[in-house]
Each structure stands twice: as structure tokens, then as C-alpha cells.
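**Q** Dropping in coords_27.txt, which is compact mmCIF, C-alpha atoms:
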# COMPACT_ATOMS: atom_id res chain seq x y z
CA MET E 1 60.99 194.52 98.32
CA ALA E 2 60.48 191.28 96.61
CA ARG E 3 63.37 188.91 97.24
CA GLU E 4 63.53 187.41 93.85
CA THR E 5 66.87 186.25 92.63
CA PRO E 6 67.03 186.57 88.89
CA GLU E 7 67.54 183.21 87.27
CA VAL E 8 70.46 182.80 84.98
CA ASN E 9 69.50 181.40 81.67
CA GLY E 10 71.14 178.00 81.38
CA GLY E 11 70.18 177.45 77.81
CA SER E 12 73.60 178.40 76.43
CA LEU E 13 75.46 176.21 78.88
CA ALA E 14 75.39 173.32 76.46
CA ASP E 15 76.75 175.50 73.68
CA ILE E 16 79.70 176.62 75.76
CA ALA E 17 80.43 173.09 76.83
CA PHE E 18 80.24 171.93 73.23
CA LEU E 19 82.69 174.59 72.19
CA LEU E 20 85.20 173.48 74.81
CA LEU E 21 84.59 169.86 73.97
CA ILE E 22 85.34 170.43 70.31
CA PHE E 23 88.49 172.34 71.21
CA PHE E 24 89.83 169.45 73.27
CA LEU E 25 88.71 166.91 70.70
CA VAL E 26 90.76 168.65 68.07
CA THR E 27 93.87 169.23 70.15
CA THR E 28 94.00 165.78 71.70
CA THR E 29 96.65 163.44 70.49
CA MET E 30 96.24 160.05 72.01
CA ASP E 31 99.53 158.50 71.17
CA ILE E 32 100.51 155.84 73.62
CA ASP E 33 104.23 155.39 73.66
CA THR E 34 105.14 151.87 72.80
CA GLY E 35 108.41 150.38 71.80
CA ILE E 36 111.16 147.88 72.45
CA THR E 37 113.24 148.79 75.45
CA ARG E 38 116.90 147.86 75.36
CA LEU E 39 119.93 148.59 77.46
CA LEU E 40 123.02 150.03 75.86
CA PRO E 41 126.39 148.82 77.09
CA PRO E 42 128.38 151.49 78.91
CA GLU E 43 131.22 153.00 76.96
CA PRO E 44 134.47 151.23 77.76
CA GLU E 45 137.28 153.25 79.29
CA GLU E 46 140.10 154.01 76.89
CA GLU E 47 142.76 152.08 78.79
CA GLU E 48 140.92 148.95 79.58
CA LYS E 49 139.64 147.66 76.31
CA VAL E 50 139.11 144.20 77.57
CA GLU E 51 138.79 141.56 74.96
CA VAL E 52 136.17 139.36 76.51
CA LYS E 53 137.01 135.81 75.68
CA VAL E 54 133.86 134.07 74.64
CA ASN E 55 133.83 130.53 73.45
CA LYS E 56 132.96 130.39 69.80
CA ARG E 57 130.12 127.98 70.32
CA ASN E 58 128.45 130.44 72.67
CA VAL E 59 128.05 133.19 70.09
CA LEU E 60 125.46 133.49 67.39
CA VAL E 61 126.36 136.19 64.92
CA VAL E 62 123.37 137.92 63.40
CA LEU E 63 124.44 140.16 60.59
CA LEU E 64 122.35 142.62 58.62
CA ASN E 65 124.18 143.83 55.56
CA ARG E 66 123.85 147.00 53.54
CA SER E 67 121.15 145.58 51.31
CA ASP E 68 119.13 144.46 54.35
CA ARG E 69 119.90 140.81 53.94
CA LEU E 70 120.12 138.73 57.03
CA MET E 71 122.90 136.30 57.79
CA VAL E 72 122.70 134.13 60.88
CA GLY E 73 125.62 132.01 62.00
CA GLY E 74 127.21 132.12 58.58
CA ALA E 75 124.17 131.31 56.48
CA GLU E 76 121.57 133.52 54.89
CA MET E 77 118.21 133.29 56.56
CA ASP E 78 114.69 134.57 56.25
CA ARG E 79 113.66 136.94 59.01
CA LEU E 80 110.73 134.77 60.00
CA ASP E 81 113.00 131.81 60.75
CA LEU E 82 115.15 133.83 63.10
CA LYS E 83 112.89 133.41 66.10
CA ASP E 84 112.96 129.61 65.98
CA LYS E 85 116.68 129.64 65.34
CA THR E 86 117.21 131.84 68.38
CA ILE E 87 115.07 129.63 70.58
CA HIS E 88 116.97 126.58 69.41
CA PHE E 89 120.24 128.39 70.07
CA PHE E 90 119.31 129.31 73.63
CA THR E 91 117.76 126.02 74.65
CA ASN E 92 120.19 123.63 72.94
CA PRO E 93 117.82 120.72 73.55
CA ALA E 94 120.09 117.97 72.20
CA ASN E 95 123.24 119.17 73.97
CA ASP E 96 124.90 119.80 70.64
CA VAL E 97 128.61 120.64 70.96
CA ASN E 98 128.23 123.44 68.44
CA LEU E 99 125.51 125.14 70.41
CA PRO E 100 126.06 127.09 73.64
CA GLU E 101 127.22 125.50 76.86
CA ARG E 102 124.81 125.38 79.71
CA GLU E 103 125.71 125.84 83.31
CA ASP E 104 123.97 124.60 86.42
CA VAL E 105 122.32 127.28 88.47
CA GLU E 106 120.01 127.56 91.43
CA ILE E 107 117.37 130.20 91.40
CA GLN E 108 115.20 131.09 94.32
CA PHE E 109 111.49 131.40 93.72
CA PRO E 110 108.96 132.19 96.42
CA PRO E 111 108.44 128.94 98.38
CA GLY E 112 105.16 127.26 97.62
CA SER E 113 104.49 129.28 94.51
CA SER E 114 104.54 126.29 92.22
CA SER E 115 103.76 122.62 92.58
CA LEU E 116 106.59 121.75 90.21
CA LEU E 117 109.22 123.26 92.47
CA PRO E 118 110.58 121.69 95.67
CA PRO E 119 109.08 123.10 98.90
CA ASP E 120 111.96 125.54 99.45
CA GLY E 121 111.21 127.12 96.05
CA VAL E 122 114.67 126.67 94.58
CA TRP E 123 114.80 125.90 90.88
CA ARG E 124 117.79 123.84 89.83
CA GLY E 125 118.54 123.57 86.17
CA LYS E 126 120.70 124.57 83.30
CA VAL E 127 121.02 128.07 81.94
CA SER E 128 122.48 128.81 78.54
CA LYS E 129 125.67 130.83 78.23
CA GLY E 130 124.73 131.86 74.72
CA VAL E 131 125.15 135.41 73.48
CA ILE E 132 123.73 136.87 70.33
CA SER E 133 125.90 139.36 68.59
CA LEU E 134 123.88 141.69 66.43
CA GLN E 135 125.84 143.52 63.79
CA ASN E 136 124.74 145.93 61.14
CA ASP E 137 126.10 148.10 58.42
CA ARG E 138 125.79 151.87 58.32
CA SER E 139 123.41 151.64 55.39
CA THR E 140 121.11 149.00 56.83
CA THR E 141 117.65 150.49 57.09
CA TYR E 142 116.42 151.12 60.60
CA GLY E 143 113.05 149.46 59.97
CA LYS E 144 114.74 146.19 59.11
CA TYR E 145 117.00 146.47 62.12
CA VAL E 146 114.02 146.87 64.43
CA GLN E 147 112.35 143.86 62.83
CA VAL E 148 115.38 141.74 63.63
CA GLN E 149 115.57 143.10 67.17
CA ASN E 150 111.91 142.27 67.46
CA GLU E 151 112.43 138.65 66.46
CA LEU E 152 115.22 138.25 68.99
CA VAL E 153 113.16 139.77 71.76
CA ALA E 154 110.20 137.65 70.70
CA ALA E 155 112.29 134.50 71.03
CA VAL E 156 113.37 135.29 74.58
CA ASN E 157 109.87 136.38 75.52
CA GLN E 158 108.47 133.12 74.24
CA LEU E 159 110.94 131.09 76.28
CA ARG E 160 110.13 133.08 79.38
CA ASN E 161 106.44 132.76 78.75
CA GLU E 162 106.64 129.00 78.28
CA PHE E 163 108.50 128.64 81.55
CA CYS E 164 106.03 130.85 83.35
CA ASN E 165 103.07 128.94 81.92
CA LEU E 166 104.53 125.62 82.92
CA TYR E 167 105.48 126.50 86.47
CA PHE E 168 103.11 129.22 87.50
CA GLU E 169 100.20 128.74 85.09
CA LYS E 170 100.30 132.35 84.12
CA ASP E 171 101.47 134.47 81.23
CA TYR E 172 104.83 136.11 81.72
CA ALA E 173 103.41 139.41 80.54
CA ASP E 174 100.67 139.21 83.17
CA LEU E 175 103.04 139.04 86.12
CA ASN E 176 102.36 141.97 88.36
CA THR E 177 105.74 143.39 89.29
CA THR E 178 104.33 145.55 92.04
CA SER E 179 103.58 142.52 94.21
CA PRO E 180 106.80 141.23 95.82
CA ASN E 181 105.95 137.60 95.22
CA GLU E 182 105.39 137.96 91.53
CA GLU E 183 108.31 140.30 91.18
CA GLU E 184 110.54 137.55 92.52
CA ILE E 185 109.12 135.15 89.97
CA HIS E 186 109.61 137.75 87.27
CA ASN E 187 113.23 138.36 88.19
CA GLY E 188 113.90 134.66 88.57
CA ILE E 189 112.68 133.91 85.08
CA ARG E 190 114.76 136.76 83.74
CA LYS E 191 117.80 135.06 85.18
CA ILE E 192 116.95 131.76 83.55
CA TYR E 193 116.39 133.23 80.11
CA LYS E 194 118.61 136.23 79.83
CA MET E 195 118.28 138.80 77.10
CA ASN E 196 121.84 138.30 75.97
CA ILE E 197 121.90 140.43 72.88
CA SER E 198 125.09 142.33 72.33
CA GLU E 199 125.07 145.20 69.94
CA SER E 200 128.63 145.48 68.83
CA ASP E 201 130.35 148.79 68.40
CA PRO E 202 129.51 149.97 64.94
CA LYS E 203 132.26 149.29 62.52
CA ASN E 204 133.49 152.36 60.81
CA ILE E 205 133.10 151.55 57.22
CA ASP E 206 133.87 154.60 55.12
CA ARG E 207 131.00 157.04 55.03
CA MET I 1 45.24 149.58 67.52
CA ALA I 2 43.11 152.58 67.00
CA LYS I 3 43.52 153.41 70.65
CA PHE I 4 47.21 154.02 70.20
CA ARG I 5 46.88 155.96 67.03
CA ARG I 6 44.51 158.43 68.52
CA LYS I 7 46.93 159.38 71.28
CA LYS I 8 49.68 160.48 68.90
CA GLY I 9 48.86 164.02 68.13
CA LYS I 10 50.19 166.04 65.24
CA GLU I 11 52.62 168.00 67.43
CA GLY I 12 56.16 166.50 67.46
CA VAL I 13 57.36 164.90 70.63
CA SER I 14 60.23 166.96 71.99
CA ILE I 15 62.98 165.22 73.88
CA ASN I 16 63.98 166.67 77.18
CA THR I 17 67.40 168.19 76.67
CA ALA I 18 68.04 169.17 80.26
CA SER I 19 70.66 166.46 80.67
CA LEU I 20 72.48 167.33 77.49
CA PRO I 21 74.95 169.69 79.22
CA ASP I 22 75.74 166.95 81.71
CA ILE I 23 76.60 164.49 78.98
CA VAL I 24 78.66 167.04 77.12
CA PHE I 25 80.48 168.01 80.29
CA MET I 26 81.29 164.40 80.95
CA LEU I 27 82.83 164.05 77.51
CA LEU I 28 84.59 167.35 77.99
CA PHE I 29 86.23 166.24 81.22
CA PHE I 30 87.29 162.98 79.65
CA PHE I 31 89.11 164.76 76.86
CA MET I 32 90.55 167.38 79.21
CA VAL I 33 92.06 164.70 81.39
CA SER I 34 93.36 162.54 78.60
CA THR I 35 94.85 165.38 76.61
CA THR I 36 98.57 165.77 76.46
CA MET I 37 99.74 168.84 74.71
CA ARG I 38 102.78 168.45 72.52
CA GLU I 39 105.46 170.82 73.72
CA THR I 40 107.75 170.50 70.78
CA GLU I 41 107.03 170.75 67.13
CA VAL I 42 108.52 167.82 65.34
CA GLN I 43 110.48 169.09 62.40
CA VAL I 44 111.40 165.77 60.92
CA GLN I 45 109.16 163.18 59.36
CA VAL I 46 108.96 160.13 61.53
CA LYS I 47 107.09 156.97 60.71
CA VAL I 48 108.16 154.51 63.36
CA PRO I 49 108.46 150.84 62.39
CA GLU I 50 106.07 148.11 63.46
CA ALA I 51 106.93 145.38 65.91
CA THR I 52 105.07 142.68 67.77
CA GLU I 53 106.97 142.72 71.06
CA VAL I 54 106.30 146.32 72.01
CA LYS I 55 105.62 147.39 75.55
CA LYS I 56 104.01 150.51 76.86
CA LEU I 57 106.20 153.10 78.49
CA GLU I 58 104.59 153.43 81.86
CA LYS I 59 106.08 156.55 83.38
CA LYS I 60 105.90 159.38 80.93
CA SER I 61 107.92 161.70 83.14
CA LEU I 62 111.01 159.52 82.73
CA VAL I 63 110.90 159.63 78.98
CA SER I 64 112.80 162.02 76.75
CA TYR I 65 112.48 161.94 73.01
CA ILE I 66 115.02 161.88 70.26
CA TYR I 67 113.71 162.18 66.73
CA VAL I 68 115.57 161.09 63.64
CA GLY I 69 114.13 161.48 60.19
CA ARG I 70 114.17 163.44 57.00
CA PRO I 71 113.18 167.08 57.50
CA VAL I 72 109.67 168.25 56.71
CA ALA I 73 109.21 170.48 53.68
CA HIS I 74 109.77 173.92 55.19
CA VAL I 75 112.80 172.77 57.17
CA ALA I 76 114.24 170.97 54.18
CA MET I 77 114.63 174.29 52.40
CA MET I 78 117.27 175.28 54.93
CA TYR I 79 118.83 171.99 55.90
CA GLY I 80 118.52 169.83 52.80
CA THR I 81 116.90 166.43 52.70
CA GLU I 82 119.51 164.36 54.50
CA PRO I 83 118.31 162.67 57.73
CA LEU I 84 118.52 164.89 60.77
CA ILE I 85 118.47 164.42 64.51
CA GLN I 86 116.11 166.51 66.57
CA LEU I 87 116.59 166.98 70.30
CA ASN I 88 113.75 168.86 71.94
CA ASP I 89 113.02 171.61 69.46
CA LYS I 90 116.42 172.08 67.95
CA LEU I 91 117.99 170.26 65.10
CA VAL I 92 121.47 168.94 65.44
CA ASN I 93 123.99 170.20 62.95
CA GLU I 94 127.14 168.73 64.36
CA GLU I 95 129.58 167.02 62.05
CA GLY I 96 130.16 163.32 62.65
CA ILE I 97 128.90 161.74 65.85
CA PRO I 98 126.90 164.36 67.77
CA TYR I 99 128.59 163.81 71.13
CA GLU I 100 128.23 167.36 72.42
CA SER I 101 124.65 168.05 71.47
CA VAL I 102 123.48 164.75 72.90
CA GLN I 103 125.51 165.28 76.07
CA ASP I 104 123.92 168.68 76.59
CA PHE I 105 120.48 167.29 75.89
CA VAL I 106 120.91 164.38 78.30
CA LEU I 107 122.18 166.65 81.08
CA PHE I 108 119.32 169.07 80.51
CA GLU I 109 116.70 166.32 80.61
CA ARG I 110 118.29 164.58 83.57
CA GLU I 111 118.27 167.83 85.52
CA LYS I 112 114.46 167.88 85.28
CA LEU I 113 114.07 164.56 87.07
CA PRO I 114 113.98 164.09 90.82
CA GLU I 115 117.14 162.61 92.34
CA ILE I 116 115.91 159.05 92.67
CA ASP I 117 114.71 158.84 89.09
CA LYS I 118 117.89 160.12 87.50
CA LYS I 119 119.22 156.68 86.75
CA LYS I 120 115.93 155.49 85.33
CA MET I 121 115.77 158.01 82.54
CA ILE I 122 114.50 156.47 79.32
CA MET I 123 115.51 157.75 75.93
CA SER I 124 112.76 157.10 73.45
CA LEU I 125 114.19 156.92 69.96
CA ARG I 126 111.54 157.92 67.52
CA ILE I 127 113.24 157.07 64.28
CA ASP I 128 111.82 156.80 60.81
CA GLU I 129 111.88 153.28 59.46
CA ASN I 130 113.68 154.24 56.26
CA ILE I 131 116.65 155.92 57.88
CA PRO I 132 120.01 154.20 57.38
CA MET I 133 121.46 152.78 60.58
CA GLY I 134 124.53 155.02 60.37
CA LYS I 135 122.63 157.91 61.91
CA VAL I 136 121.14 155.63 64.55
CA ASP I 137 124.54 154.21 65.46
CA ASP I 138 125.82 157.77 65.87
CA VAL I 139 123.01 158.54 68.30
CA LYS I 140 123.63 155.32 70.20
CA GLN I 141 127.34 156.01 70.50
CA ALA I 142 126.64 159.52 71.73
CA LEU I 143 124.11 158.21 74.26
CA ARG I 144 126.62 155.71 75.56
CA ARG I 145 129.13 158.45 76.16
CA ALA I 146 126.47 160.57 77.84
CA ARG I 147 125.62 157.58 80.04
CA ALA I 148 122.00 157.47 79.05
CA LEU I 149 121.81 153.74 78.62
CA ILE I 150 118.15 152.86 78.78
CA ILE I 151 116.77 153.30 75.32
CA ASN I 152 113.48 152.47 73.73
CA TYR I 153 113.13 151.88 70.03
CA SER I 154 109.76 153.43 69.48
CA ALA I 155 107.50 151.17 67.46
CA ARG I 156 103.86 150.66 66.71
CA LYS I 157 102.10 147.50 67.74
CA GLU I 158 101.90 145.04 64.92
CA TYR I 159 99.28 142.35 65.03
CA ARG I 160 100.43 139.20 63.37
CA LYS I 161 98.31 136.22 62.60
CA GLN I 162 99.26 132.97 64.19
CA GLY I 163 101.84 131.04 62.28
CA ARG I 164 104.08 132.12 59.51
CA GLN I 165 103.25 134.83 57.12
CA ARG I 166 105.15 136.34 54.26
The structure given in the file should be rewritten as C-alpha cells.

**A**
Amino acid sequence: MARETPEVNGGSLADIAFLLLIFFLVTTTMDIDTGITRLLPPEPEEEEKVEVKVNKRNVLVVLLNRSDRLMVGGAEMDRLDLKDKTIHFFTNPANDVNLPEREDVEIQFPPGSSSLLPPDGVWRGKVSKGVISLQNDRSTTYGKYVQVQNELVAAVNQLRNEFCNLYFEKDYADLNTTSPNEEEIHNGIRKIYKMNISESDPKNIDR
Amino acid sequence: MAKFRRKKGKEGVSINTASLPDIVFMLLFFFMVSTTMRETEVQVQVKVPEATEVKKLEKKSLVSYIYVGRPVAHVAMMYGTEPLIQLNDKLVNEEGIPYESVQDFVLFEREKLPEIDKKKMIMSLRIDENIPMGKVDDVKQALRRARALIINYSARKEYRKQGRQR
């Protein structure tokens, strides 16, 4: 008996693989989820509706009306100016009495991580108390609302990035939050430039 | 020159195709791995807005989706053309602020997560850019009551040139 194993014809292997390939090509959707992440405030308890007293100078009211027009701090403004306005509001470079107060804070960074910090790694400086109050009407379009959110987030991101570049010679977005050292830097910068954007409870204008 | 010409016979040179299956298999595996099958059929039209400050959502398992948009043609026949909210595969038809539907949805989605991730649940809001904010505010209010506080306004990456641009 001849021990010959019959060879399987491999010629159609490519065809089968192609078929499968085309199936997966067609069904694949490669949508990467991207977006702007925000934190909603928790719903206040019925009894304790605390009126938080905020100094008037510390609040920047950003209002989007029903015809998608933007009003910032009482004056109409173009969307593209909002970022600079926000940065100016948060930094208050000239210590203007109409712009937010700044309080002294100490923030711990990893010792020796930057030549601009003292050896113990504590940053001492002023942090703005400013809050942005974003208000909108029920008929504002969502696209416009996201654009405004985007400008506000962009402003804070730019401030954080500038700080990170100056002290750590790195982009804020490139900080690797899985390494404890860089996570500390990341969290420290977040404390210096807080994302203080309050989305007020929607006002019930008649539907 | 003549030397070379003589060598080329009339018969066509055939390429060895033995490695073709390998290449195709490689491509096949790439697409198999990168494929994510959509579980739900989106019944509303959603064109998310563009933004420059978008970030990737890293952990897909934490993300649940809420769609808001105008219904697609075959759904519009039943529900009309007003903006609708879609949670998983069902459309919300609650009057006013949809507290109950959203609450149920959040509890259902939260139940799927392991214990330590329950607080990290992200609600991705996939909302059409032309929807009035009223609907969005309703969803946000309902999410606040349901204690799902981490939200993500889904947006496409917009590339802007340096400097100002109208």
C-alpha cells in the first residue's frame, strides 16, 4: 500500500480569504469616538437650595440667545474672540478690580521635576477664583452651543499648556497619566487652571 | 543591448502568487480585529458638530450612547419629524423631561459594568448639530437626576488653521 497522502488543493484558499476580507471590509465602521468631556453638577436636594454667594467680579456670564447670538459679560461678541476673552478673564494680568480675585495657593509637584520650581517641588502662586456661567435658551442650536463650549475648553487648555511648556518643557496633552510622576504634574496643573464652567439650570421659558 | 532583448521570450512572465493568500490573510486579520459591530440601529439622523478640543474616549466599555436627532424617513412616518431621543434601540416618547426613560437606561447600562467602574460611566451624547438646546437640556436634567454625571458631547475633530479665521 502506497502511503501517499492526497494533497489538498490550495488554489482556492486565496478566494476564500478574499471573500472574508471583503465581508469585513464592508461591515467595518471605523468611527473613533471623540468629543468634549464635561461633568454635570449633581442635582441639588429639594430642601437645601443653597444660593452660592459669588462675588460679581468673579463671574463671567456667557449667554447664547435664541438666535444663536453670543453675549459675553454684557456685550455682544464674536465667537472667535471668546477664547482670548476667557484667557484674559482667568489670568487677570493687570490685577483689574473688575476681573476675578486671585488667591495664593501652594501646589505640590514632584520634587526635581522642573528647574523653575524650588527643590521641594512646591509651586507658590496665584490661582483665579473666576467662574464662567454658560447660559442658553431652549431654542439655541446645539451646534452653536458646542462651539462655545469648545472655545471655553480651548482657553483653559491653552493656559494649562503654556504652564506645562514653561515649567516642564512638554505639551500638556502629552503628559502620560499612567506614570505617577506625570500624573502628579497633570493634576497639579489642573488645580492651577480649573475648568470652572458652570452650566446653569435651564430656565424654563415657555415651550 | 541585444543581449538583454534576446533573453525576453514571447511567453509572459508570470508572477508567483503563492504568497497572495498570506497577504490577504494579513489584511483579513487586521479588519477582523479592528471591526466593531454596531449593536443598535440608529433611528435618528445625527450629524455631530465639529470642535477643535476633542479627546478620544479611551475605554469603550465605559461608554453608553444617547442619540438625539430628527427621525430617519421610515421612523418619521410614525413619530413625525420633531427631534427624538434614542436610548439603545428604543425611542423615547415621554412627555416633558424624560426622567423615567433615562433613569431606566442609566440603571440598565450601569448594571453591565463591573463594580469598580460604575462611577466612571460615561454618557456619550451624540446629538445632531441642528437640534435646539431644549431637548439637550431635558436630557442633561434627566441625567443629573439619574446621577450619570460624566458626559461627553460627541464631536468630530476640526482642524483649524493658525490664527483667526471667519

**Q** To one decimal place in Å, what is the distance between CA of Asn187 in chain E and CA of Leu159 in chain E?

**A** 14.1 Å

**Q** List the spatial neighbours of range 43-48 of chain I as a PyMOL selection string - criterion: any atom at most 7 Å away, all atoms listed in the file, same-chain residues fewer than 3 positions off excluded.

**A** chain I and resi 68-72+75+126-129+154-156

**Q** Between I:Leu113, I:Ile85, I:Val33, I:Val54, which has the minimum distance to chain E (counting all atoms listed in the file)?

**A**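 Checking each candidate against chain E, we get I:Val54 as the closest.
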
**Q** Could you please determine the separation between CA of Phe105 in chain I and CA of Leu87 in chain I in Å, to one decimal place?

**A** 6.8 Å

**Q** So what do you get for CA of Gly74 in chain E versus CA of Thr91 in chain E, distance-wise?

**A**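 CA of Thr91 in chain E lies at a distance of 19.6 Å from CA of Gly74 in chain E.
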
**Q** Tell me as a list in words which residues belonging to chain I come within 6 Å of chain E, counting only C-alpha atoms.

**A**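 The selection requested is Pro21, Leu28, Phe31, Thr35, Pro49, Val54, Lys55, Lys56, Leu57, Glu129, Asn130, Ile131, Pro132, Met133, Gly134, Arg144, Arg145, Leu149, Ile150, Ile151, Asn152, Tyr153, Ser154 and Ala155 of chain I.
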
**Q** How would the residues just chosen look if you wrote them out with C-alpha atoms as a compact mmCIF listing (two decimals), in the frame of the given file?

**A**
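Written file, part_36.txt:
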# COMPACT_ATOMS: atom_id res chain seq x y z
CA PRO I 21 74.95 169.69 79.22
CA LEU I 28 84.59 167.35 77.99
CA PHE I 31 89.11 164.76 76.86
CA THR I 35 94.85 165.38 76.61
CA PRO I 49 108.46 150.84 62.39
CA VAL I 54 106.30 146.32 72.01
CA LYS I 55 105.62 147.39 75.55
CA LYS I 56 104.01 150.51 76.86
CA LEU I 57 106.20 153.10 78.49
CA GLU I 129 111.88 153.28 59.46
CA ASN I 130 113.68 154.24 56.26
CA ILE I 131 116.65 155.92 57.88
CA PRO I 132 120.01 154.20 57.38
CA MET I 133 121.46 152.78 60.58
CA GLY I 134 124.53 155.02 60.37
CA ARG I 144 126.62 155.71 75.56
CA ARG I 145 129.13 158.45 76.16
CA LEU I 149 121.81 153.74 78.62
CA ILE I 150 118.15 152.86 78.78
CA ILE I 151 116.77 153.30 75.32
CA ASN I 152 113.48 152.47 73.73
CA TYR I 153 113.13 151.88 70.03
CA SER I 154 109.76 153.43 69.48
CA ALA I 155 107.50 151.17 67.46

**Q** List the residues sitting within 7 Å of (114.0, 165.4, 75.9) in the file's frame, using all atoms listed in the file, as a list in words.

**A**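 These residues have at least one counted atom within 7 Å: Ser64, Tyr65, Ile66, Leu87, Asn88, Phe105 and Glu109 of chain I.
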
**Q** If I only have part of range 122-136 of chain I, can you fill in N, CA and C atoms and write it as a compact mmCIF listing (two decimals), in the frame of the given file?

**A**
# COMPACT_ATOMS: atom_id res chain seq x y z
N ILE I 122 114.65 157.26 80.54
CA ILE I 122 114.50 156.47 79.32
C ILE I 122 114.59 157.39 78.11
N MET I 123 115.40 156.99 77.17
CA MET I 123 115.51 157.75 75.93
C MET I 123 114.65 157.05 74.89
N SER I 124 113.60 157.70 74.48
CA SER I 124 112.76 157.10 73.45
C SER I 124 113.27 157.56 72.08
N LEU I 125 113.67 156.59 71.29
CA LEU I 125 114.19 156.92 69.96
C LEU I 125 113.07 156.80 68.96
N ARG I 126 112.59 157.93 68.53
CA ARG I 126 111.54 157.92 67.52
C ARG I 126 112.21 158.14 66.16
N ILE I 127 112.43 157.04 65.50
CA ILE I 127 113.24 157.07 64.28
C ILE I 127 112.42 156.54 63.11
N ASP I 128 112.53 157.21 62.01
CA ASP I 128 111.82 156.80 60.81
C ASP I 128 112.37 155.47 60.32
N GLU I 129 111.45 154.64 59.81
CA GLU I 129 111.88 153.28 59.46
C GLU I 129 112.79 153.21 58.24
N ASN I 130 112.85 154.29 57.47
CA ASN I 130 113.68 154.24 56.26
C ASN I 130 115.04 154.91 56.42
N ILE I 131 115.37 155.25 57.63
CA ILE I 131 116.65 155.92 57.88
C ILE I 131 117.76 154.86 57.89
N PRO I 132 118.90 155.15 57.25
CA PRO I 132 120.01 154.20 57.38
C PRO I 132 120.56 154.17 58.80
N MET I 133 121.03 152.99 59.20
CA MET I 133 121.46 152.78 60.58
C MET I 133 122.64 153.66 61.00
N GLY I 134 123.38 154.18 60.03
CA GLY I 134 124.53 155.02 60.37
C GLY I 134 124.17 156.13 61.35
N LYS I 135 123.09 156.83 61.04
CA LYS I 135 122.63 157.91 61.91
C LYS I 135 122.25 157.37 63.29
N VAL I 136 121.60 156.21 63.29
CA VAL I 136 121.14 155.63 64.55
C VAL I 136 122.34 155.20 65.40
